[in-house]
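Okay, target.cif now, which holds mmCIF, C-alpha atoms:
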```cif
data_model
loop_
_atom_site.group_PDB
_atom_site.id
_atom_site.type_symbol
_atom_site.label_atom_id
_atom_site.label_comp_id
_atom_site.auth_asym_id
_atom_site.auth_seq_id
_atom_site.Cartn_x
_atom_site.Cartn_y
_atom_site.Cartn_z
ATOM 1 C CA MET A 75 0.000 0.000 0.000
ATOM 2 C CA ASP A 76 1.240 3.503 -0.827
ATOM 3 C CA ASN A 77 2.230 5.924 1.910
ATOM 4 C CA SER A 78 1.239 9.566 1.898
ATOM 5 C CA ILE A 79 3.480 12.266 3.279
ATOM 6 C CA LEU A 80 1.593 14.666 5.559
ATOM 7 C CA PHE A 81 2.654 18.153 6.581
ATOM 8 C CA ALA A 82 1.790 20.453 9.474
ATOM 9 C CA ILE A 83 3.204 23.644 10.916
ATOM 10 C CA ASP A 84 4.219 24.040 14.561
ATOM 11 C CA VAL A 85 3.848 27.801 14.976
ATOM 12 C CA ASN A 86 5.401 27.712 18.441
ATOM 13 C CA THR A 87 8.738 26.371 17.168
ATOM 14 C CA SER A 88 8.524 27.534 13.516
ATOM 15 C CA GLU A 89 8.962 23.995 12.243
ATOM 16 C CA VAL A 90 7.381 21.818 9.596
ATOM 17 C CA ILE A 91 6.207 18.518 11.047
ATOM 18 C CA VAL A 92 6.496 15.713 8.506
ATOM 19 C CA SER A 93 4.586 12.466 8.965
ATOM 20 C CA GLU A 94 3.395 9.609 6.818
ATOM 21 C CA SER A 95 0.310 7.462 6.664
ATOM 22 C CA SER A 96 -0.751 4.503 4.577
ATOM 23 C CA LYS A 97 -3.579 5.394 2.218
ATOM 24 C CA GLY A 98 -6.862 4.346 3.779
ATOM 25 C CA SER A 99 -5.355 4.188 7.272
ATOM 26 C CA ASN A 100 -5.845 6.517 10.213
ATOM 27 C CA LYS A 101 -2.416 5.649 11.657
ATOM 28 C CA VAL A 102 0.068 8.512 11.355
ATOM 29 C CA ILE A 103 3.803 7.954 11.820
ATOM 30 C CA PHE A 104 6.005 10.908 12.735
ATOM 31 C CA LEU A 105 9.053 11.260 10.472
ATOM 32 C CA GLU A 106 10.823 14.505 11.324
ATOM 33 C CA ARG A 107 10.722 18.197 12.139
ATOM 34 C CA ILE A 108 12.353 20.686 9.804
ATOM 35 C CA LYS A 109 13.200 24.117 11.170
ATOM 36 C CA ARG A 110 12.025 27.107 9.193
ATOM 37 C CA ASP A 111 15.594 28.358 8.751
ATOM 38 C CA GLU A 112 16.638 24.954 7.336
ATOM 39 C CA ASN A 113 14.125 25.199 4.490
ATOM 40 C CA GLU A 114 12.224 28.470 4.242
ATOM 41 C CA ILE A 115 10.586 27.440 0.960
ATOM 42 C CA LEU A 116 9.108 24.263 2.466
ATOM 43 C CA TYR A 117 7.924 26.154 5.536
ATOM 44 C CA ASN A 118 6.134 28.764 3.412
ATOM 45 C CA ALA A 119 4.655 26.121 1.098
ATOM 46 C CA VAL A 120 3.204 24.184 4.046
ATOM 47 C CA LEU A 121 1.965 27.438 5.574
ATOM 48 C CA THR A 122 0.112 28.144 2.319
ATOM 49 C CA LEU A 123 -1.246 24.588 2.222
ATOM 50 C CA THR A 124 -2.503 24.979 5.782
ATOM 51 C CA SER A 125 -4.128 28.332 5.024
ATOM 52 C CA LEU A 126 -6.040 26.781 2.120
ATOM 53 C CA THR A 127 -7.741 24.365 4.524
ATOM 54 C CA ARG A 128 -9.066 27.289 6.562
ATOM 55 C CA SER A 129 -10.942 28.778 3.619
ATOM 56 C CA PRO A 130 -14.723 28.503 3.912
ATOM 57 C CA ASN A 131 -14.805 27.515 0.223
ATOM 58 C CA LEU A 132 -12.000 24.964 -0.005
ATOM 59 C CA ASP A 133 -10.874 24.613 -3.621
ATOM 60 C CA VAL A 134 -9.835 20.954 -3.756
ATOM 61 C CA PRO A 135 -7.899 21.136 -7.047
ATOM 62 C CA VAL A 136 -5.876 24.096 -5.720
ATOM 63 C CA PHE A 137 -5.285 22.234 -2.436
ATOM 64 C CA LYS A 138 -4.061 19.144 -4.306
ATOM 65 C CA ALA A 139 -1.764 21.262 -6.482
ATOM 66 C CA MET A 140 -0.272 22.958 -3.411
ATOM 67 C CA ASP A 141 0.179 19.566 -1.740
ATOM 68 C CA LYS A 142 2.131 18.425 -4.810
ATOM 69 C CA VAL A 143 4.349 21.499 -4.460
ATOM 70 C CA CYS A 144 4.985 20.607 -0.803
ATOM 71 C CA GLN A 145 5.780 17.009 -1.761
ATOM 72 C CA MET A 146 8.231 18.168 -4.438
ATOM 73 C CA VAL A 147 9.988 20.662 -2.145
ATOM 74 C CA TYR A 148 10.235 18.031 0.599
ATOM 75 C CA LYS A 149 11.679 15.476 -1.844
ATOM 76 C CA LYS A 150 14.328 18.008 -2.941
ATOM 77 C CA HIS A 151 15.081 18.713 0.724
ATOM 78 C CA LYS A 152 15.612 14.999 1.428
ATOM 79 C CA GLU A 153 17.876 14.630 -1.620
ATOM 80 C CA SER A 154 20.101 17.472 -0.428
ATOM 81 C CA HIS A 155 20.419 16.233 3.173
#
```
Is it possible to give me this structure as structure tokens?
Amino acid sequence: MDNSILFAIDVNTSEVIVSESSKGSNKVIFLERIKRDENEILYNAVLTLTSLTRSPNLDVPVFKAMDKVCQMVYKKHKESH
């Protein structure tokens, strides 16, 4: 089964929280925290992704596109570290 990478922002520590979950599962596995100053682009992308979920009229295609951006930036981050 495929795993999905999940992102969240910890505003108290200015970190991106990265987790994964198997598709169709409600079990979430913590992977890592990435400090804002380690990857400002990822932090801002996840911040934008999070803000989209707060919209009263969630645009699902825009949300999915932004999630793909977050996935791509995270993948590049992992390749460089």
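Note that the spacing between CA of Val120 in chain A and CA of Ala82 in chain A amounts to 6.7 Å.
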Task: Residue nearest Glu106 in chain A among A:Asp76, A:Tyr148, A:Val85, A:Pro130 (counting only C-alpha atoms) - done: A:Tyr148
Task: Evaluate the PyMOL selection byres ((chain A and resi 109) around 12) and report residues as a ChimeraX atom specification - done: /A:83-92,106-108,110-118,151
Output C-alpha atoms for every residue in the selection just made, as a PDB file, keeping the file's coordinate frame.
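Saved to again23.pdb:
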```
ATOM      1  CA  ILE A  83       3.204  23.644  10.916  1.00  0.00           C
ATOM      2  CA  ASP A  84       4.219  24.040  14.561  1.00  0.00           C
ATOM      3  CA  VAL A  85       3.848  27.801  14.976  1.00  0.00           C
ATOM      4  CA  ASN A  86       5.401  27.712  18.441  1.00  0.00           C
ATOM      5  CA  THR A  87       8.738  26.371  17.168  1.00  0.00           C
ATOM      6  CA  SER A  88       8.524  27.534  13.516  1.00  0.00           C
ATOM      7  CA  GLU A  89       8.962  23.995  12.243  1.00  0.00           C
ATOM      8  CA  VAL A  90       7.381  21.818   9.596  1.00  0.00           C
ATOM      9  CA  ILE A  91       6.207  18.518  11.047  1.00  0.00           C
ATOM     10  CA  VAL A  92       6.496  15.713   8.506  1.00  0.00           C
ATOM     11  CA  GLU A 106      10.823  14.505  11.324  1.00  0.00           C
ATOM     12  CA  ARG A 107      10.722  18.197  12.139  1.00  0.00           C
ATOM     13  CA  ILE A 108      12.353  20.686   9.804  1.00  0.00           C
ATOM     14  CA  ARG A 110      12.025  27.107   9.193  1.00  0.00           C
ATOM     15  CA  ASP A 111      15.594  28.358   8.751  1.00  0.00           C
ATOM     16  CA  GLU A 112      16.638  24.954   7.336  1.00  0.00           C
ATOM     17  CA  ASN A 113      14.125  25.199   4.490  1.00  0.00           C
ATOM     18  CA  GLU A 114      12.224  28.470   4.242  1.00  0.00           C
ATOM     19  CA  ILE A 115      10.586  27.440   0.960  1.00  0.00           C
ATOM     20  CA  LEU A 116       9.108  24.263   2.466  1.00  0.00           C
ATOM     21  CA  TYR A 117       7.924  26.154   5.536  1.00  0.00           C
ATOM     22  CA  ASN A 118       6.134  28.764   3.412  1.00  0.00           C
ATOM     23  CA  HIS A 151      15.081  18.713   0.724  1.00  0.00           C
TER      24      HIS A 151
END
```
- [ ] Have a look at CA of Lys101 in chain A and CA of Asn131 in chain A and let me know their distance in Å, one decimal.
- [x] 27.6 Å
- [ ] Could you expand the PyMOL selection byres ((chain A and resi 123) around 10) into the explicit residues it covers here, written as a ChimeraX atom specification?
- [x] /A:81-83,117-122,124-128,136-144
TODO: Calculate how many Å separate CA of Ser78 in chain A from CA of Ser96 in chain A, rounding to one decimal.
DONE: 6.1 Å
Let me know the residues the PyMOL selection byres ((chain A and resi 93) around 6) catches in the file above, as a PDB file with C-alpha atoms, in the frame of the given file.
```pdb
ATOM      1  CA  ILE A  79       3.480  12.266   3.279  1.00  0.00           C
ATOM      2  CA  LEU A  80       1.593  14.666   5.559  1.00  0.00           C
ATOM      3  CA  VAL A  92       6.496  15.713   8.506  1.00  0.00           C
ATOM      4  CA  GLU A  94       3.395   9.609   6.818  1.00  0.00           C
ATOM      5  CA  ILE A 103       3.803   7.954  11.820  1.00  0.00           C
ATOM      6  CA  PHE A 104       6.005  10.908  12.735  1.00  0.00           C
ATOM      7  CA  LEU A 105       9.053  11.260  10.472  1.00  0.00           C
TER       8      LEU A 105
END
```
Open item on the list: When you count all atoms listed in the file, which of these residues is closest to Asn77 in chain A: A:Gln145, A:Ser95, A:Ser154, A:Asn100?
Closed with: A:Ser95
